[in-house]
Amino acid sequence: MSGIRPWQIVILVLAVVALIASIAFTASGDDSVDFADSVLLVDLETGELIDAPYPSGKSISLPAINPATSKRSLFPVEKTDGQWRVEARYLSMVKEFVPKPEALTDPKAGTVKVANESPKSVKVF
């Protein structure tokens with residue numbers, strides 16, 4: 001039981017080839033990351049959709065304050081399966097910030113009745 005067997009040589013060669021391929025694939029990839037330049041929000045009191053540009057170099061706080069009403073009623077929203085929904089991680093905060101969320105049709109699923117299908121751009125942050 002001495003020496004290297006042929007199947008062991010094959011495994012070592014495959015490992016070296018996999019390592020070289022992995023390094024080449026990693027080195028040839030695009031290093032840039034595309035960040036979103038705005039966030040889609042819905043006012044849970046009115047159902048108004050808002051496209052809010054991110055501020056350059058600053059952090060944001062969600063839910064956001066509606067500049068028209070000075071209330072923290074703007075929640076991130078997305079359209080899935082043809083329905084607008086508040087993002088799931090924000091649903092637990094709805095009652096805290098919006099006592100009467102008129103636009104929220106199903107509090108558990110987060111479905112929202114929007115007032116406008118095309119969002120208007122508003123500087124929120």
# chains A, B, ... in the order shown; residues from 1 in each chain; ligands from 1

$ residues_around --residues "segment 29-45 of chain A" --least-positions-apart "5" --cutoff "8 Å" --atoms "only C-alpha atoms" --output "ChimeraX atom specification"
/A:50-54,66,73-78,86,98,100-104,112,114,119

$ residues_around --residues "Lys108 of chain A" --least-positions-apart "3" --cutoff "10 Å" --atoms "only C-alpha atoms" --output "list in words"
Ala88, Leu91, Ser92, Leu104, Thr105 and Thr111 of chain A

$ atom_distance --atom1 "atom CA of Arg85 of chain A" --atom2 "atom CA of Ser121 of chain A"
19.1 Å

$ closest_residue --among "A:Ile20, A:Ser59, A:Ala64, A:Glu117" --to "Val94 of chain A" --atoms "only C-alpha atoms"
A:Ala64

$ select_by_dssp --residues "chain A" --states "strand (DSSP E or B)" --output "CSV table (one decimal) with C-alpha atoms, in the first residue's frame"
chain,number,residue,atom,x,y,z
A,38,SER,CA,-35.0,55.8,-5.5
A,39,VAL,CA,-37.6,54.0,-3.4
A,40,LEU,CA,-41.2,53.4,-4.1
A,41,LEU,CA,-43.5,54.5,-1.2
A,42,VAL,CA,-47.2,54.5,-0.5
A,43,ASP,CA,-49.0,56.9,1.8
A,49,LEU,CA,-47.8,56.3,-4.8
A,50,ILE,CA,-44.5,58.2,-4.5
A,51,ASP,CA,-41.2,57.7,-6.1
A,52,ALA,CA,-38.7,59.2,-3.6
A,53,PRO,CA,-35.1,59.7,-4.8
A,64,ALA,CA,-40.8,58.1,5.9
A,65,ILE,CA,-42.5,61.4,6.7
A,66,ASN,CA,-44.9,62.7,4.1
A,71,LYS,CA,-46.9,62.4,9.2
A,72,ARG,CA,-44.8,59.3,9.1
A,73,SER,CA,-47.2,57.5,6.8
A,74,LEU,CA,-45.0,56.6,3.8
A,75,PHE,CA,-44.2,52.9,3.7
A,76,PRO,CA,-42.1,50.9,1.1
A,77,VAL,CA,-44.4,49.2,-1.4
A,78,GLU,CA,-44.0,46.7,-4.2
A,79,LYS,CA,-46.3,45.2,-6.9
A,80,THR,CA,-46.5,41.4,-6.8
A,83,GLN,CA,-51.4,43.7,-6.3
A,84,TRP,CA,-49.6,46.5,-4.4
A,85,ARG,CA,-48.3,45.3,-1.1
A,86,VAL,CA,-46.5,47.0,1.8
A,104,LEU,CA,-54.5,49.2,3.6
A,105,THR,CA,-57.2,46.7,2.4
A,106,ASP,CA,-55.7,43.6,4.1
A,111,THR,CA,-52.3,44.7,0.2
A,112,VAL,CA,-52.9,48.4,-0.6
A,120,LYS,CA,-45.2,60.9,-8.7
A,121,SER,CA,-41.6,61.9,-7.9

$ atom_distance --atom1 "atom CA of Ala27 of chain A" --atom2 "atom CA of Ala15 of chain A"
18.3 Å

$ atom_distance --atom1 "atom CA of Ile60 of chain A" --atom2 "atom CA of Lys123 of chain A"
12.2 Å
